[in-house]
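The block underneath contains the structure these notes are about, expressed in structure tokens.
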Amino acid sequence: MNQINPVLMLATLTQQIVEQEKELAEQKDFAEQETSAEHSSVKASLSENLLKRGNLLMQMGDKDGAGKDMKRYLELNPEKVGELTGEFKSEGREHCR
């Protein structure tokens, strides 16, 4: 009963990501806010949600969607490229192709 429906979780994460992307874009309109704590907070939350959604998509067998989230994550956090393991698989979900 503690397990959340993955489709509901995916929808929730997607909604949060859309809102955070919009907020980040609005902040970019004001160059002085680029370095603000608020900007950093939104970027950190967006990055975390992209990782969560990417992992969920991978578990659901959607490698393309997971790849898009990882690409956006790396656009926001280019310093994280060195932390990648290179593994890109969805264990136990081969039947979801």
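So you can find residues: chains in the structure tokens are A, B, ... in the order shown, residues in each start at 1, and ligands are numbered from 1 in order.
All residues of protein, DNA or RNA that reach within 12 Å of Thr12 (chain A), judged by only C-alpha atoms and not counting those fewer than 6 positions away in the chain, are A:Ile4, A:Asn5, A:Pro6, A:Val18, A:Glu19, A:Asn49, A:Leu50, A:Lys52, A:Arg53, A:Leu56.
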Sel. of alpha helix (DSSP H) residues, region 21-77 of chain A, as a ChimeraX atom specification: /A:21-28,37-59,63-76
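CA of Lys43 (chain A) to CA of Leu76 (chain A) spans 7.3 Å [interatomic distance, one decimal].
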Do a neighbour search on Leu24 (chain A) at 8 Å with only C-alpha atoms, toss out local chain neighbours closer than 3 positions, and write the hits as an NGL selection string. :A and (20-21 or 27-28 or 39 or 42-43)
List the spatial neighbours of Asp69 (chain A) as a PyMOL selection string - criterion: any atom at most 12 Å away, only C-alpha atoms, same-chain residues fewer than 5 positions off excluded. chain A and resi 13-14+17+46-58+62-64+74-76
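Nearest to Leu10 (chain A) of all the residues A:Lys22, A:Gly67, A:Val81, A:Met60 is A:Met60, counting only C-alpha atoms.
You will find CA of Glu38 (chain A) at 12.7 Å from CA of Ala25 (chain A).
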Atom pair CA of Ala66 (chain A) + CA of Met9 (chain A), distance 14.6 Å
